[in-house]
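The structure under discussion appears below in the form of structure tokens.
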Amino acid sequence: MNTDGGWPVERLVHKEVSGGVATITLDSPRNRNALSVRLLGDLEDRLNWALAADDVRVIVLTATGPVFCSGADLKEQRVEPGNAHEAPVTASFPEIMSLIWESPKPVVCRLNGTARAGGLGLVAACDFAIAPDSASFAFTEVRLGVVPAMISVTVLRRLDPRAAAEYLLTGEVFDAARAQEIGLLTRAVPEEDLDGVIAHYTGMLLRGGPEALAITKQLVRNVPTLTVEEGMRQMSELSAQRFTSAEGQEGIASFMEKRPASWIPESEGN
């Protein structure tokens, strides 16, 4: 627990690790897991822990209650008009989205339910996003007279441009099937299948070489920005480096010897 003036303060974000998978859980259901200063501080701490932990290979981000995240804690956003430096909404939120986006370890968002506004920035920052098909979504900022500024950095890298204009400008609520269709979600599944699907993805990710996964995350984002000629040149060099790397040679040896690679947790290798 944190302490405040010597008194214990309950964490709003919890952590646990099992079999190489770290689960980070937003736990402030009383305000629908809103992005308060306290929750953001706890979340940044938990993410840094997972990124630094040698026994963590994959990160799962989830929450308690019926709502994954309702966005900024509006009670904390009441300031005198014009005093932008007093707005706590920026407290570590950009750093948190960057931690998730740039994480060398794959991050899977397990949405337990609905998400709104700033919560969708977290969803978009993750490599995978799986939600129950009963969940709904909305970019509600414009209806409050504010804008989806920070979250646009991750969201606009996921959404179809026409859909981005439609939902960011109107604030309209849309369902999980539509969220999958426009690129916000990886999959929308029946609620009873949610944990099984999450386990399926984390299990597959644990079989990938840690270095290879980190590099491949960058390829997915960066290669489309290169010219074909430059892309071929850089990727030819990278391919040779990876085939001759210690991790690449271990992967090839394990395949030839019909055994699990050394990086695969024992529970996944059986």
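Letters A, B, ... mark the chains of the structure tokens in the order given; residue numbers begin at 1 per chain; ligand numbers begin at 1, in order shown.
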
For this session: Find the residues near Val142 (chain A): any atom within 8 Å, counting only C-alpha atoms, skip ones fewer than 3 places away on the same chain, and give them as a PyMOL selection string.
Result: chain A and resi 139+145-148+168-171

For this session: Write out as a PyMOL selection string which residues come within 8 Å of Asn48 (chain A) when counting only C-alpha atoms, dropping same-chain ones fewer than 4 positions away.
Result: chain A and resi 44+52+99

Exercise. Can you tell me, as a PyMOL selection string, what residues are no more than 12 Å from Leu213 (chain A) when counting only C-alpha atoms, ignoring any on the same chain fewer than 2 positions away?
Worked result: chain A and resi 57-58+103-107+127+204-211+215-220+242+247-248+263

With only C-alpha atoms counted and 8 Å as the cut-off, give the residues of region 61-168 of chain A in contact with region 16-26 of chain A, each with its shortest interatomic distance in Å and the pair that gives it, as a Markdown table.
```
| residue | atom | partner | partner_atom | distance |
| --- | --- | --- | --- | --- |
| A:Leu61 | CA | A:Ile24 | CA | 5.0 |
| A:Thr62 | CA | A:Thr25 | CA | 4.8 |
| A:Ala63 | CA | A:Leu26 | CA | 4.3 |
| A:Thr64 | CA | A:Leu26 | CA | 6.3 |
| A:Phe68 | CA | A:Leu26 | CA | 7.8 |
```

Taking the DSSP assignment computed from this structure's backbone, write out as a PDB file with C-alpha atoms, in the first residue's frame all residues of region 188-238 of chain A that belong to helix (DSSP H, G or I).
```pdb
ATOM      1  CA  GLU A 191     -18.355 -12.671 -22.388  1.00  0.00           C
ATOM      2  CA  GLU A 192     -18.082 -16.308 -21.374  1.00  0.00           C
ATOM      3  CA  ASP A 193     -15.270 -16.766 -23.936  1.00  0.00           C
ATOM      4  CA  LEU A 194     -13.245 -13.735 -22.859  1.00  0.00           C
ATOM      5  CA  ASP A 195     -10.756 -15.421 -20.539  1.00  0.00           C
ATOM      6  CA  GLY A 196     -10.233 -18.315 -22.921  1.00  0.00           C
ATOM      7  CA  VAL A 197      -9.424 -15.961 -25.782  1.00  0.00           C
ATOM      8  CA  ILE A 198      -7.023 -13.965 -23.591  1.00  0.00           C
ATOM      9  CA  ALA A 199      -5.288 -17.210 -22.586  1.00  0.00           C
ATOM     10  CA  HIS A 200      -5.062 -18.181 -26.267  1.00  0.00           C
ATOM     11  CA  TYR A 201      -3.262 -14.954 -27.184  1.00  0.00           C
ATOM     12  CA  THR A 202      -0.939 -14.891 -24.166  1.00  0.00           C
ATOM     13  CA  GLY A 203      -0.050 -18.533 -24.760  1.00  0.00           C
ATOM     14  CA  MET A 204       0.926 -17.818 -28.355  1.00  0.00           C
ATOM     15  CA  LEU A 205       2.929 -14.742 -27.347  1.00  0.00           C
ATOM     16  CA  LEU A 206       4.897 -16.716 -24.752  1.00  0.00           C
ATOM     17  CA  PRO A 210      11.483 -12.004 -26.410  1.00  0.00           C
ATOM     18  CA  GLU A 211      13.902 -10.119 -28.664  1.00  0.00           C
ATOM     19  CA  ALA A 212      12.037 -11.183 -31.792  1.00  0.00           C
ATOM     20  CA  LEU A 213       8.719  -9.988 -30.384  1.00  0.00           C
ATOM     21  CA  ALA A 214      10.138  -6.588 -29.426  1.00  0.00           C
ATOM     22  CA  ILE A 215      11.668  -6.099 -32.872  1.00  0.00           C
ATOM     23  CA  THR A 216       8.580  -7.333 -34.714  1.00  0.00           C
ATOM     24  CA  LYS A 217       6.442  -4.803 -32.813  1.00  0.00           C
ATOM     25  CA  GLN A 218       8.611  -2.080 -34.332  1.00  0.00           C
ATOM     26  CA  LEU A 219       8.451  -3.632 -37.824  1.00  0.00           C
ATOM     27  CA  VAL A 220       4.661  -3.552 -37.850  1.00  0.00           C
ATOM     28  CA  ARG A 221       4.733   0.196 -37.214  1.00  0.00           C
ATOM     29  CA  ASN A 222       7.847   1.378 -39.008  1.00  0.00           C
ATOM     30  CA  VAL A 223       8.263  -0.665 -42.198  1.00  0.00           C
ATOM     31  CA  PRO A 224       5.185   0.833 -43.949  1.00  0.00           C
ATOM     32  CA  THR A 225       6.803   4.291 -43.613  1.00  0.00           C
ATOM     33  CA  VAL A 228      10.420  -0.241 -50.897  1.00  0.00           C
ATOM     34  CA  GLU A 229      14.122   0.153 -51.703  1.00  0.00           C
ATOM     35  CA  GLU A 230      15.051   1.353 -48.211  1.00  0.00           C
ATOM     36  CA  GLY A 231      12.776  -1.233 -46.621  1.00  0.00           C
ATOM     37  CA  MET A 232      14.440  -4.071 -48.522  1.00  0.00           C
ATOM     38  CA  ARG A 233      17.906  -2.807 -47.598  1.00  0.00           C
ATOM     39  CA  GLN A 234      17.179  -2.441 -43.877  1.00  0.00           C
ATOM     40  CA  MET A 235      15.186  -5.649 -43.594  1.00  0.00           C
ATOM     41  CA  SER A 236      17.852  -7.691 -45.396  1.00  0.00           C
ATOM     42  CA  GLU A 237      20.402  -6.570 -42.817  1.00  0.00           C
ATOM     43  CA  LEU A 238      17.996  -7.211 -39.932  1.00  0.00           C
TER      44      LEU A 238
END
```

Problem set entry | All residues 7 Å or closer to Pro132 (chain A), only C-alpha atoms, same chain fewer than 3 positions away omitted, as number ranges by chain | A: 112-113, 135, 188-191, 194

Exercise. Where in region 39-262 of chain A does DSSP assign strand (DSSP E or B), given as number ranges by chain?
Worked result: A: 58-63, 67-69, 72, 107-110, 114-116, 128-132, 136-138, 174-175, 187-189

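Nearest residue to Leu156 (chain A) among A:Ala176, A:Ala131, A:Leu144, A:Leu184 is A:Leu184, counting only C-alpha atoms.
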
Exercise. Which polymer residues have any atom within 12 Å of an atom of Val123 (chain A), counting only C-alpha atoms, with same-chain residues fewer than 6 positions away left out, as number ranges by chain?
Worked result: A: 60-63, 68-71, 96-97, 100-101, 107-117, 129-131, 137, 151-152, 154-159, 179-180, 183-186

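Picture a line from CA of Ala72 (chain A) to CA of Leu35 (chain A); it runs 4.6 Å.
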
Got a sec: who's within 8 Å of Asp73 (chain A), counting only C-alpha atoms, leaving out chain neighbours fewer than 5 positions off, as a CSV table (one decimal) with all heavy atoms, in the first residue's frame?
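File produced: around-v6.csv:
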```csv
chain,number,residue,atom,x,y,z
A,31,ASN,N,-15.8,4.8,-9.2
A,31,ASN,CA,-15.9,5.9,-10.2
A,31,ASN,C,-15.6,5.4,-11.6
A,31,ASN,O,-15.1,6.1,-12.4
A,31,ASN,CB,-14.9,7.0,-9.8
A,31,ASN,CG,-13.5,6.7,-9.9
A,31,ASN,OD1,-13.1,5.5,-10.0
A,31,ASN,ND2,-12.6,7.6,-9.8
A,34,ALA,N,-12.1,5.6,-13.4
A,34,ALA,CA,-11.7,6.9,-14.0
A,34,ALA,C,-10.2,7.2,-13.8
A,34,ALA,O,-9.6,6.7,-12.8
A,34,ALA,CB,-12.6,8.0,-13.4
A,35,LEU,N,-9.7,8.0,-14.7
A,35,LEU,CA,-8.2,8.2,-14.7
A,35,LEU,C,-7.9,9.4,-13.7
A,35,LEU,O,-7.7,10.5,-14.1
A,35,LEU,CB,-7.7,8.6,-16.1
A,35,LEU,CG,-8.0,7.5,-17.2
A,35,LEU,CD1,-7.6,8.0,-18.6
A,35,LEU,CD2,-7.1,6.3,-16.8
A,36,SER,N,-8.0,9.1,-12.4
A,36,SER,CA,-7.6,10.0,-11.4
A,36,SER,C,-6.1,10.1,-11.3
A,36,SER,O,-5.4,9.2,-11.8
A,36,SER,CB,-8.3,9.6,-10.1
A,36,SER,OG,-7.7,8.4,-9.6
A,89,VAL,N,-5.4,16.3,-15.7
A,89,VAL,CA,-5.6,15.2,-16.7
A,89,VAL,C,-4.3,14.8,-17.3
A,89,VAL,O,-4.2,13.7,-17.8
A,89,VAL,CB,-6.6,15.7,-17.8
A,89,VAL,CG1,-6.0,16.7,-18.7
A,89,VAL,CG2,-7.1,14.5,-18.6
```

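The smallest atom-to-atom distance between Pro265 (chain A) and any of A:Ala177, A:Asp42, A:Pro29, A:Val56, using only C-alpha atoms, is found for A:Val56.
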
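If you look at CA of Leu39 (chain A) and CA of Ser134 (chain A), they are 25.4 Å away from each other.
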